[in-house]
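Asks: Sharing input_14.cif, mmCIF, C-alpha atoms:
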```cif
data_start
#
loop_
_atom_site.label_atom_id
_atom_site.label_comp_id
_atom_site.auth_asym_id
_atom_site.auth_seq_id
_atom_site.Cartn_x
_atom_site.Cartn_y
_atom_site.Cartn_z
CA MET A 464 81.53 86.40 -34.34
CA ARG A 465 80.90 82.92 -35.59
CA SER A 466 81.17 81.22 -32.25
CA GLN A 467 78.84 83.83 -30.79
CA LEU A 468 76.33 83.09 -33.53
CA SER A 469 76.40 79.35 -32.99
CA GLN A 470 75.93 79.88 -29.30
CA GLN A 471 72.66 81.66 -29.94
CA ARG A 472 71.22 78.80 -31.90
CA TYR A 473 70.32 75.29 -31.04
CA ASN A 474 72.82 72.84 -32.48
CA TRP A 475 71.82 70.53 -35.34
CA GLY A 476 71.24 67.57 -33.02
CA ALA A 477 68.83 69.46 -30.80
CA VAL A 478 66.99 70.87 -33.83
CA GLY A 479 66.66 67.44 -35.46
CA LEU A 480 65.44 65.77 -32.28
CA HIS A 481 62.99 68.60 -31.56
CA TRP A 482 61.30 68.36 -34.95
CA ALA A 483 61.31 64.58 -35.05
CA VAL A 484 59.51 64.46 -31.70
CA ALA A 485 57.20 67.30 -32.77
CA ILE A 486 56.09 65.48 -35.93
CA LEU A 487 55.55 62.18 -34.08
CA VAL A 488 53.51 63.83 -31.32
CA ILE A 489 51.42 65.78 -33.83
CA CYS A 490 50.66 62.48 -35.63
CA THR A 491 50.05 60.20 -32.69
CA PHE A 492 47.81 62.46 -30.61
CA PRO A 493 44.93 62.62 -33.16
CA LEU A 494 45.64 58.98 -34.05
CA GLY A 495 45.02 58.05 -30.42
CA LEU A 496 41.82 60.09 -30.30
CA TYR A 497 40.53 58.47 -33.49
CA MET A 498 41.42 54.84 -32.81
CA VAL A 499 39.72 54.56 -29.41
CA GLY A 500 36.32 55.17 -31.01
CA LEU A 501 36.67 52.44 -33.66
CA ASN A 502 34.86 49.12 -33.58
CA LEU A 503 37.13 46.09 -33.44
CA SER A 504 38.63 45.58 -36.90
CA PRO A 505 42.01 44.84 -38.45
CA LEU A 506 42.37 48.60 -38.97
CA LYS A 507 41.88 49.20 -35.26
CA LEU A 508 44.56 46.64 -34.34
CA LYS A 509 46.95 48.26 -36.83
CA LEU A 510 46.33 51.79 -35.59
CA TYR A 511 46.78 50.76 -31.95
CA SER A 512 50.12 49.20 -32.85
CA TYR A 513 51.25 52.27 -34.81
CA HIS A 514 50.23 54.48 -31.89
CA LYS A 515 52.29 52.36 -29.50
CA TRP A 516 55.28 52.19 -31.83
CA ILE A 517 55.26 55.97 -32.22
CA GLY A 518 55.02 56.32 -28.43
CA VAL A 519 58.03 54.05 -27.91
CA THR A 520 59.95 56.05 -30.54
CA VAL A 521 59.09 59.32 -28.76
CA PHE A 522 60.35 57.83 -25.51
CA LEU A 523 63.63 56.72 -27.13
CA LEU A 524 64.16 60.08 -28.85
CA MET A 525 63.39 61.95 -25.61
CA THR A 526 65.97 59.87 -23.74
CA ILE A 527 68.57 60.76 -26.37
CA ARG A 528 67.38 64.36 -26.26
CA ILE A 529 67.83 64.71 -22.52
CA VAL A 530 71.35 63.28 -22.69
CA TRP A 531 72.11 65.53 -25.64
CA ARG A 532 70.80 68.56 -23.77
CA LEU A 533 73.00 67.79 -20.78
CA LEU A 534 76.06 67.49 -23.05
CA ARG A 535 75.20 70.48 -25.24
CA PRO A 536 73.20 72.99 -23.19
CA PRO A 537 70.73 75.15 -25.13
CA PRO A 538 71.49 78.79 -25.91
CA PRO A 539 70.29 81.32 -23.33
CA LEU A 540 66.99 83.10 -23.84
CA PRO A 541 67.24 86.63 -25.26
CA PRO A 542 68.07 89.16 -22.53
CA SER A 543 65.17 91.28 -23.77
CA MET A 544 62.80 88.81 -22.09
CA PRO A 545 61.68 89.82 -18.61
CA LEU A 546 62.80 87.52 -15.85
CA TRP A 547 59.32 86.18 -15.09
CA GLU A 548 58.87 85.21 -18.76
CA GLN A 549 62.19 83.41 -18.71
CA ARG A 550 61.11 81.53 -15.60
CA VAL A 551 57.73 80.59 -17.06
CA ALA A 552 59.45 79.46 -20.28
CA GLY A 553 61.86 77.32 -18.24
CA ALA A 554 59.05 75.72 -16.25
CA ALA A 555 56.97 75.07 -19.39
CA HIS A 556 59.93 73.36 -21.06
CA ALA A 557 60.61 71.22 -18.00
CA LEU A 558 56.96 70.16 -17.99
CA LEU A 559 57.07 69.40 -21.73
CA TYR A 560 60.07 67.12 -21.22
CA LEU A 561 58.40 65.44 -18.26
CA LEU A 562 55.15 64.79 -20.16
CA LEU A 563 56.96 63.59 -23.30
CA ILE A 564 58.52 60.88 -21.13
CA ALA A 565 55.51 60.18 -18.89
CA ALA A 566 52.92 59.94 -21.69
CA PRO A 567 54.56 56.97 -23.48
CA VAL A 568 55.45 55.30 -20.18
CA THR A 569 51.84 55.41 -18.93
CA GLY A 570 50.63 54.21 -22.33
CA TRP A 571 52.94 51.20 -22.11
CA LEU A 572 51.90 50.42 -18.52
CA PHE A 573 48.23 50.80 -19.49
CA SER A 574 48.69 48.34 -22.33
CA SER A 575 50.32 45.81 -19.98
CA ALA A 576 47.54 46.20 -17.41
CA GLU A 577 45.02 45.55 -20.21
CA GLY A 578 46.84 42.29 -20.90
CA PHE A 579 48.43 43.40 -24.18
CA LYS A 580 52.17 43.27 -24.45
CA THR A 581 53.80 46.07 -26.41
CA VAL A 582 55.94 44.69 -29.24
CA TYR A 583 57.95 47.54 -30.77
CA LEU A 584 57.61 47.53 -34.57
CA GLY A 585 56.08 44.07 -34.20
CA ILE A 586 59.59 42.72 -33.50
CA ILE A 587 60.95 43.77 -30.11
CA PRO A 588 58.77 42.81 -27.13
CA LEU A 589 58.90 45.25 -24.21
CA PRO A 590 58.69 43.68 -20.78
CA ASP A 591 55.38 43.87 -18.93
CA LEU A 592 56.04 45.63 -15.64
CA LEU A 593 52.43 45.11 -14.63
CA ALA A 594 50.28 42.02 -14.71
CA LYS A 595 46.81 42.13 -16.20
CA ASP A 596 44.53 44.05 -13.86
CA LYS A 597 41.23 45.58 -14.95
CA ILE A 598 40.95 48.22 -12.24
CA LEU A 599 44.56 49.29 -12.61
CA ALA A 600 44.09 49.42 -16.40
CA GLU A 601 41.10 51.72 -16.01
CA PHE A 602 43.12 54.01 -13.73
CA LEU A 603 46.11 54.05 -16.12
CA ARG A 604 43.83 54.76 -19.07
CA PHE A 605 42.64 57.87 -17.25
CA ILE A 606 46.19 58.93 -16.30
CA HIS A 607 47.42 58.41 -19.90
CA MET A 608 44.52 60.52 -21.17
CA LEU A 609 45.10 63.23 -18.56
CA LEU A 610 48.81 63.46 -19.38
CA THR A 611 48.35 63.43 -23.15
CA PHE A 612 45.64 66.08 -23.07
CA THR A 613 47.81 68.23 -20.82
CA LEU A 614 50.68 67.65 -23.23
CA GLY A 615 48.44 68.63 -26.16
CA GLY A 616 47.50 71.88 -24.41
CA LEU A 617 51.11 72.60 -23.55
CA VAL A 618 52.21 71.98 -27.15
CA LEU A 619 49.66 74.55 -28.31
CA LEU A 620 50.93 77.02 -25.72
CA HIS A 621 54.53 76.27 -26.77
CA ALA A 622 53.79 76.86 -30.46
CA SER A 623 51.77 80.03 -29.73
CA ALA A 624 54.59 81.38 -27.59
CA ALA A 625 57.10 80.68 -30.38
CA LEU A 626 54.91 82.54 -32.88
CA LYS A 627 54.43 85.41 -30.45
CA HIS A 628 58.20 85.73 -30.12
CA HIS A 629 58.61 85.74 -33.88
CA PHE A 630 55.77 88.01 -34.97
CA LEU A 631 55.09 90.24 -31.96
CA ASP A 632 58.32 90.44 -30.00
CA ARG A 633 60.28 90.09 -33.25
CA ASP A 634 63.14 88.34 -31.45
CA GLU A 635 65.21 85.31 -32.43
CA VAL A 636 63.57 82.66 -30.31
CA LEU A 637 61.84 80.85 -33.19
CA SER A 638 64.70 81.14 -35.66
CA ARG A 639 66.99 79.39 -33.16
CA MET A 640 64.94 76.25 -33.75
CA ILE A 641 64.28 76.73 -37.49
CA PRO A 642 67.69 76.97 -39.15
CA TRP A 643 66.37 78.11 -42.52
CA LEU A 644 64.42 81.00 -41.04
CA ARG A 645 66.15 84.29 -41.72
CA ARG A 646 67.75 85.73 -38.67
CA ARG A 647 66.31 88.95 -37.34
CA GLU A 648 69.49 90.66 -36.26
CA THR A 649 72.59 90.65 -38.34
CA PRO A 650 75.65 90.67 -36.17
CA MET B 93 34.02 8.63 -6.69
CA ASN B 94 35.81 5.70 -5.08
CA ALA B 95 38.92 7.80 -5.10
CA ARG B 96 37.39 9.91 -2.37
CA PHE B 97 37.90 7.02 0.04
CA PRO B 98 41.43 7.05 1.38
CA LEU B 99 41.91 3.31 1.24
CA LEU B 100 40.90 3.04 -2.38
CA ALA B 101 42.89 6.14 -3.25
CA GLY B 102 45.89 4.60 -1.56
CA LEU B 103 45.40 1.39 -3.49
CA ALA B 104 45.14 3.28 -6.74
CA LEU B 105 48.31 5.15 -5.89
CA LEU B 106 50.09 1.89 -5.12
CA ALA B 107 48.86 0.44 -8.35
CA SER B 108 50.09 3.37 -10.37
CA ALA B 109 53.43 3.40 -8.60
CA GLY B 110 53.83 -0.35 -9.07
CA SER B 111 52.88 -1.73 -12.41
CA ALA B 112 51.58 1.10 -14.55
CA GLY B 113 49.62 -1.43 -16.55
CA ALA B 114 47.05 -1.71 -13.84
CA VAL B 115 45.91 1.88 -14.20
CA GLU B 116 43.68 3.29 -16.79
CA TYR B 117 42.93 6.96 -16.54
CA GLN B 118 39.38 7.79 -17.45
CA LYS B 119 37.92 10.46 -15.24
CA VAL B 120 38.80 13.87 -16.57
CA LEU B 121 38.96 16.52 -13.85
CA PRO B 122 37.69 19.72 -15.49
CA GLU B 123 38.97 22.03 -12.72
CA LYS B 124 42.50 20.71 -13.33
CA SER B 125 42.24 20.76 -17.09
CA ASP B 126 42.70 23.66 -19.38
CA ILE B 127 42.56 24.68 -23.04
CA ARG B 128 44.36 27.87 -24.00
CA PHE B 129 45.31 29.50 -27.25
CA VAL B 130 47.88 32.09 -28.25
CA SER B 131 47.19 34.18 -31.32
CA ARG B 132 49.52 36.79 -32.74
CA GLN B 133 48.09 40.23 -33.42
CA MET B 134 50.48 42.70 -35.08
CA GLY B 135 53.31 40.57 -33.71
CA VAL B 136 51.86 40.63 -30.20
CA PRO B 137 51.15 37.22 -28.63
CA VAL B 138 47.70 37.33 -27.03
CA GLU B 139 46.56 34.48 -24.81
CA GLY B 140 42.99 33.37 -24.43
CA ARG B 141 41.18 30.26 -23.25
CA PHE B 142 38.16 28.05 -23.68
CA PRO B 143 36.88 27.62 -20.15
CA ARG B 144 34.09 25.16 -21.03
CA PHE B 145 34.79 21.82 -22.62
CA ASP B 146 33.96 18.21 -22.13
CA ALA B 147 36.67 15.58 -22.43
CA LYS B 148 36.38 11.83 -22.57
CA LEU B 149 39.57 9.92 -22.13
CA SER B 150 40.88 6.48 -21.74
CA PHE B 151 44.62 6.34 -21.32
CA ASP B 152 46.74 3.48 -20.13
CA PRO B 153 50.49 4.19 -20.06
CA ALA B 154 51.12 0.45 -20.49
CA LYS B 155 49.00 0.28 -23.62
CA PRO B 156 49.20 3.78 -25.07
CA GLU B 157 48.22 2.61 -28.58
CA SER B 158 44.77 1.77 -27.38
CA SER B 159 44.25 5.18 -25.78
CA LYS B 160 41.36 7.26 -26.93
CA THR B 161 40.10 10.75 -26.38
CA GLU B 162 37.20 12.85 -27.49
CA ILE B 163 37.07 16.52 -26.59
CA THR B 164 34.16 18.85 -27.25
CA VAL B 165 34.74 22.56 -26.75
CA ASP B 166 32.00 25.11 -26.10
CA LEU B 167 33.20 27.90 -28.40
CA GLY B 168 30.64 30.43 -27.18
CA ALA B 169 32.38 30.52 -23.79
CA ILE B 170 35.59 31.80 -25.38
CA ASP B 171 37.66 34.12 -23.22
CA THR B 172 39.97 36.21 -25.39
CA GLY B 173 40.97 38.58 -22.64
CA SER B 174 38.72 41.42 -23.76
CA GLU B 175 34.94 41.66 -23.81
CA GLU B 176 34.96 43.34 -27.22
CA ALA B 177 36.96 40.52 -28.78
CA ASP B 178 34.81 37.82 -27.08
CA GLN B 179 31.76 39.28 -28.80
CA GLU B 180 33.56 39.52 -32.12
CA ALA B 181 34.78 35.90 -31.87
CA ARG B 182 31.19 34.64 -31.71
CA THR B 183 30.14 36.33 -34.96
CA LYS B 184 29.74 34.74 -38.38
CA GLY B 185 33.19 35.80 -39.62
CA TRP B 186 34.91 34.04 -36.72
CA PHE B 187 33.40 30.97 -35.06
CA ASP B 188 29.80 31.57 -36.12
CA ILE B 189 28.62 29.99 -32.89
CA LYS B 190 24.93 30.19 -33.88
CA SER B 191 25.55 27.60 -36.56
CA PHE B 192 28.60 25.88 -35.03
CA PRO B 193 28.48 26.14 -31.25
CA LYS B 194 31.08 23.43 -30.65
CA ALA B 195 34.45 22.29 -31.83
CA SER B 196 35.50 18.69 -31.43
CA PHE B 197 38.60 16.58 -31.47
CA VAL B 198 38.45 12.82 -31.86
CA SER B 199 41.69 10.89 -31.63
CA THR B 200 42.48 8.29 -34.27
CA SER B 201 45.89 7.09 -33.12
CA VAL B 202 48.36 7.40 -30.25
CA LYS B 203 52.00 6.67 -30.93
CA PRO B 204 54.39 6.28 -27.99
CA LEU B 205 57.69 8.21 -28.17
CA ALA B 206 60.46 8.05 -25.58
CA ASN B 207 60.29 9.43 -22.03
CA ASN B 208 56.55 9.54 -21.41
CA ARG B 209 55.95 11.37 -24.63
CA TYR B 210 53.31 10.45 -27.15
CA GLU B 211 52.13 11.61 -30.51
CA VAL B 212 48.39 11.94 -30.74
CA SER B 213 46.70 12.22 -34.11
CA GLY B 214 43.07 12.83 -34.74
CA LYS B 215 40.35 14.80 -36.44
CA LEU B 216 39.71 18.37 -35.43
CA SER B 217 36.35 19.82 -36.46
CA ILE B 218 35.61 23.52 -36.23
CA LYS B 219 32.95 25.49 -38.08
CA GLY B 220 31.89 22.48 -40.12
CA ARG B 221 35.40 21.78 -41.38
CA THR B 222 37.44 18.76 -40.35
CA ARG B 223 41.22 18.52 -40.58
CA ASP B 224 43.76 15.96 -39.42
CA ILE B 225 46.07 17.22 -36.74
CA THR B 226 48.95 15.74 -34.76
CA ALA B 227 50.09 16.92 -31.37
CA PRO B 228 52.94 15.86 -29.11
CA VAL B 229 51.71 15.06 -25.61
CA THR B 230 53.69 14.52 -22.43
CA PHE B 231 52.45 12.41 -19.56
CA ARG B 232 53.32 12.93 -15.92
CA GLN B 233 51.84 11.77 -12.71
CA ASP B 234 50.42 14.13 -10.13
CA GLY B 235 49.53 12.08 -7.08
CA GLN B 236 47.27 9.38 -8.40
CA ASN B 237 46.22 11.45 -11.42
CA ALA B 238 47.62 11.59 -14.89
CA VAL B 239 48.45 14.98 -16.35
CA LEU B 240 48.61 15.05 -20.14
CA GLU B 241 49.96 18.22 -21.68
CA GLY B 242 50.66 19.28 -25.20
CA SER B 243 50.33 21.87 -27.88
CA PHE B 244 49.91 22.17 -31.60
CA THR B 245 49.63 24.89 -34.17
CA LEU B 246 46.32 25.43 -35.86
CA LEU B 247 46.02 27.35 -39.12
CA ARG B 248 42.89 29.41 -38.49
CA LEU B 249 42.12 30.08 -42.16
CA GLN B 250 41.85 26.33 -42.85
CA PHE B 251 38.77 26.42 -40.67
CA GLY B 252 37.48 29.79 -41.85
CA ILE B 253 38.16 31.39 -38.47
CA GLY B 254 38.39 35.10 -39.18
CA GLU B 255 36.99 35.66 -42.62
CA GLY B 256 36.57 38.76 -44.79
CA PRO B 257 38.78 41.64 -43.62
CA TRP B 258 40.07 39.45 -40.78
CA SER B 259 41.66 37.00 -43.22
CA ASP B 260 44.54 39.49 -43.41
CA VAL B 261 47.32 37.46 -41.76
CA GLU B 262 49.52 40.54 -41.44
CA THR B 263 47.20 41.72 -38.69
CA VAL B 264 46.18 38.41 -37.12
CA ALA B 265 48.60 35.59 -37.93
CA ASP B 266 47.25 32.39 -39.50
CA GLU B 267 49.09 30.29 -36.91
CA VAL B 268 47.35 29.96 -33.57
CA GLN B 269 48.99 27.88 -30.88
CA ILE B 270 46.66 25.64 -28.92
CA ARG B 271 47.90 24.50 -25.49
CA PHE B 272 46.03 21.87 -23.57
CA LYS B 273 46.29 20.17 -20.23
CA VAL B 274 44.04 17.28 -19.30
CA THR B 275 44.15 15.86 -15.80
CA ALA B 276 42.46 12.52 -15.32
CA ALA B 277 41.91 10.24 -12.36
CA PRO B 278 42.14 6.46 -12.63
CA ALA B 279 38.95 4.66 -13.54
CA GLY B 280 36.94 3.48 -10.58
CA LYS B 281 37.02 -0.25 -10.14
#
```
Mind converting the file's structure to structure tokens?

Replies:
Amino acid sequence: MRSQLSQQRYNWGAVGLHWAVAILVICTFPLGLYMVGLNLSPLKLKLYSYHKWIGVTVFLLMTIRIVWRLLRPPPPLPPSMPLWEQRVAGAAHALLYLLLIAAPVTGWLFSSAEGFKTVYLGIIPLPDLLAKDKILAEFLRFIHMLLTFTLGGLVLLHASAALKHHFLDRDEVLSRMIPWLRRRETP
Amino acid sequence: MNARFPLLAGLALLASAGSAGAVEYQKVLPEKSDIRFVSRQMGVPVEGRFPRFDAKLSFDPAKPESSKTEITVDLGAIDTGSEEADQEARTKGWFDIKSFPKASFVSTSVKPLANNRYEVSGKLSIKGRTRDITAPVTFRQDGQNAVLEGSFTLLRLQFGIGEGPWSDVETVADEVQIRFKVTAAPAGK
């Protein structure tokens, strides 16, 4: 019974990493939107740094998360879900992972192309893969924006789908990721 | 412009290769000279430069103590690496270029150290404030020219560079590294 139960839930590591990344993304997306409109000020320099540091942290956590996922595969989706829904869910998750890696990477490359090195937490300098290049910077700015807005939309879809599972389908999909949520079905 | 003539250039080269005492470098070559600065913003080193400056120099490796230099920098031409920051740097809180368009350095003494190294002291004036500074300088020869390179750390708040909210050194460090390279041709005879 017990082993069956634990197989239906995400393990503690996956849950922790999921929510850590969720909180960081929810903070840094509006932060990014806000900071770009500011006039040059000490506040602007601080916010840009925080945005970059959060991005680097997301990248690091996602790397750990992918390794963790390979070692400890997630529980299967409920069999009550039609096959097409399972496929769409799989594709959406793959895209989420991809964007959560690509968004910070393009942000870092964009910063390098602008001529600003990224120094994680103000201590650890990341290498500049690109030299300063105005045209390339403009292109990367657009790509970073495109990816982050797509990510934002996908996060909304992801959260809506989770709520739909919980309140409409009344299945266990959401409670697998929120340990303190009461389980629907008692074994 | 004598140096343009091969014979004279050759003579100058011979002179510099032979007894260094015969050469005094006086003609600063702006296209081979350079003033850069590295500031630290949120721990990130950001390089910029002052593309317009005027340098007067008289340097004789045989008599370094009698060397003199006077450098005037056009602050309005500052290149910080971003248009937004260039504009900001010209405002009252930073260089206030309307009232203080130029910075200047006038040497007061040159002390020879070992291995073509020297210690140059002088008065640096920025934004109406003058401070004594000392910078190590290395000398090397490039063809018939002298290349003098060095750097020193400037404390920006001593000169009121970045006042008001910008005086927060947590965001923009007080220490700004200035790196300079002056290339000079021998004086025409």

Asks: Using all atoms listed in the file, determine which residues lie at most 7 Å from range 569-585 of chain A, disregarding the query and same-chain residues fewer than 6 positions distant; provide the list as a PyMOL selection string.

Replies: (chain A and resi 516+591-597+599-600+603-604+607) or (chain B and resi 134-136+138)

Asks: Evaluate the PyMOL selection byres ((chain A and resi 486-499) around 10) and record the selected residues as a VMD selection string, following the chain and residue labels used in the document.

Replies: chain A and resid 481 to 485 500 to 503 506 to 511 513 to 518 520 to 521 563 608 611 to 612 614 to 615 618

Asks: Written as a ChimeraX atom specification, what is the full residue list that the PyMOL selection byres ((chain B) within 8 of (chain A)) yields on the file shown?

Replies: /B:133-138,173,176-177,180,257-258,260,263-264

Asks: What does the distance between CA of Phe231 in chain B and CA of Ala279 in chain B come to in Å, to one decimal place?

Replies: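 Between CA of Phe231 in chain B and CA of Ala279 in chain B the gap is 16.7 Å.
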
Asks: Excluding same-chain residues fewer than 4 positions from Leu626 in chain A, what lies within 12 Å of it counting all atoms listed in the file, as a PyMOL selection string?

Replies: chain A and resi 619-622+630-638+640-641

Asks: Which distance in Å separates CA of Leu617 in chain A and CA of Pro539 in chain A, to one decimal?

Replies: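 Between these atoms lies a distance of 21.1 Å.
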
Asks: Work out how far apart CA of Phe244 in chain B and CA of Glu139 in chain B are and give it in Å to one decimal.

Replies: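 Those two atoms sit 14.5 Å apart.
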
Asks: Pull out every residue that the PyMOL selection byres ((chain B and resi 213) around 7) matches in the shown coordinates and put them as a PyMOL selection string.

Replies: chain B and resi 199-202+211-212+214+225-227

Asks: What's the 7 Å shell around range 115-126 of chain B, counting only C-alpha atoms, without same-chain residues fewer than 5 positions away, as a count of residues only?

Replies: 17

Asks: From the list B:Glu162, B:Gln233, B:Ile189, B:Arg144, which residue is nearest Asn208 in chain B when using all atoms listed in the file?

Replies: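 Under the stated criterion, the closest residue is B:Gln233.
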
Asks: Centre and edge lengths, as AutoDock Vina command-line options, for the axis-aligned box enclosing every listed atom of range 478-482 of chain A with 4 Å of padding on each of the six sides, in Å to one decimal?

Replies:
```
--center_x 64.1 --center_y 68.3 --center_z -33.5 --size_x 13.7 --size_y 13.1 --size_z 11.9
```

Asks: Just want the 9 Å neighbourhood of Val198 in chain B, counted on only C-alpha atoms, with same-chain residues fewer than 4 positions away dropped. Output as a VMD selection string.

Replies: chain B and resid 160 to 164 213 to 217

Asks: May I have the residues from that selection written out with C-alpha atoms, as a PDB file, keeping the file's coordinate frame?

Replies:
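Result file again_33.pdb:
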```pdb
ATOM      1  CA  LYS B 160      41.360   7.260 -26.930  1.00  0.00           C
ATOM      2  CA  THR B 161      40.100  10.750 -26.380  1.00  0.00           C
ATOM      3  CA  GLU B 162      37.200  12.850 -27.490  1.00  0.00           C
ATOM      4  CA  ILE B 163      37.070  16.520 -26.590  1.00  0.00           C
ATOM      5  CA  THR B 164      34.160  18.850 -27.250  1.00  0.00           C
ATOM      6  CA  SER B 213      46.700  12.220 -34.110  1.00  0.00           C
ATOM      7  CA  GLY B 214      43.070  12.830 -34.740  1.00  0.00           C
ATOM      8  CA  LYS B 215      40.350  14.800 -36.440  1.00  0.00           C
ATOM      9  CA  LEU B 216      39.710  18.370 -35.430  1.00  0.00           C
ATOM     10  CA  SER B 217      36.350  19.820 -36.460  1.00  0.00           C
TER      11      SER B 217
END
```

Asks: Can you tell me, as an mmCIF file with C-alpha atoms, keeping the file's coordinate frame, what residues are no more than 12 Å from Arg472 in chain A when counting all atoms listed in the file, ignoring any on the same chain fewer than 4 positions away?

Replies:
```cif
data_model
loop_
_atom_site.group_PDB
_atom_site.id
_atom_site.type_symbol
_atom_site.label_atom_id
_atom_site.label_comp_id
_atom_site.auth_asym_id
_atom_site.auth_seq_id
_atom_site.Cartn_x
_atom_site.Cartn_y
_atom_site.Cartn_z
ATOM 1 C CA ARG A 465 80.900 82.920 -35.590
ATOM 2 C CA SER A 466 81.170 81.220 -32.250
ATOM 3 C CA GLN A 467 78.840 83.830 -30.790
ATOM 4 C CA LEU A 468 76.330 83.090 -33.530
ATOM 5 C CA GLY A 476 71.240 67.570 -33.020
ATOM 6 C CA ALA A 477 68.830 69.460 -30.800
ATOM 7 C CA VAL A 478 66.990 70.870 -33.830
ATOM 8 C CA ARG A 535 75.200 70.480 -25.240
ATOM 9 C CA PRO A 536 73.200 72.990 -23.190
ATOM 10 C CA PRO A 537 70.730 75.150 -25.130
ATOM 11 C CA PRO A 538 71.490 78.790 -25.910
ATOM 12 C CA PRO A 539 70.290 81.320 -23.330
ATOM 13 C CA LEU A 540 66.990 83.100 -23.840
ATOM 14 C CA PRO A 541 67.240 86.630 -25.260
ATOM 15 C CA GLU A 635 65.210 85.310 -32.430
ATOM 16 C CA VAL A 636 63.570 82.660 -30.310
ATOM 17 C CA LEU A 637 61.840 80.850 -33.190
ATOM 18 C CA SER A 638 64.700 81.140 -35.660
ATOM 19 C CA ARG A 639 66.990 79.390 -33.160
ATOM 20 C CA MET A 640 64.940 76.250 -33.750
ATOM 21 C CA ILE A 641 64.280 76.730 -37.490
ATOM 22 C CA PRO A 642 67.690 76.970 -39.150
ATOM 23 C CA TRP A 643 66.370 78.110 -42.520
ATOM 24 C CA LEU A 644 64.420 81.000 -41.040
ATOM 25 C CA ARG A 646 67.750 85.730 -38.670
#
```

Asks: Using all atoms listed in the file for the distances, tell me which of A:Thr613, A:Pro542, A:Phe602, A:Gln549 is nearest to Gln471 in chain A.

Replies: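 Smallest separation from Gln471 in chain A among the options: A:Pro542.
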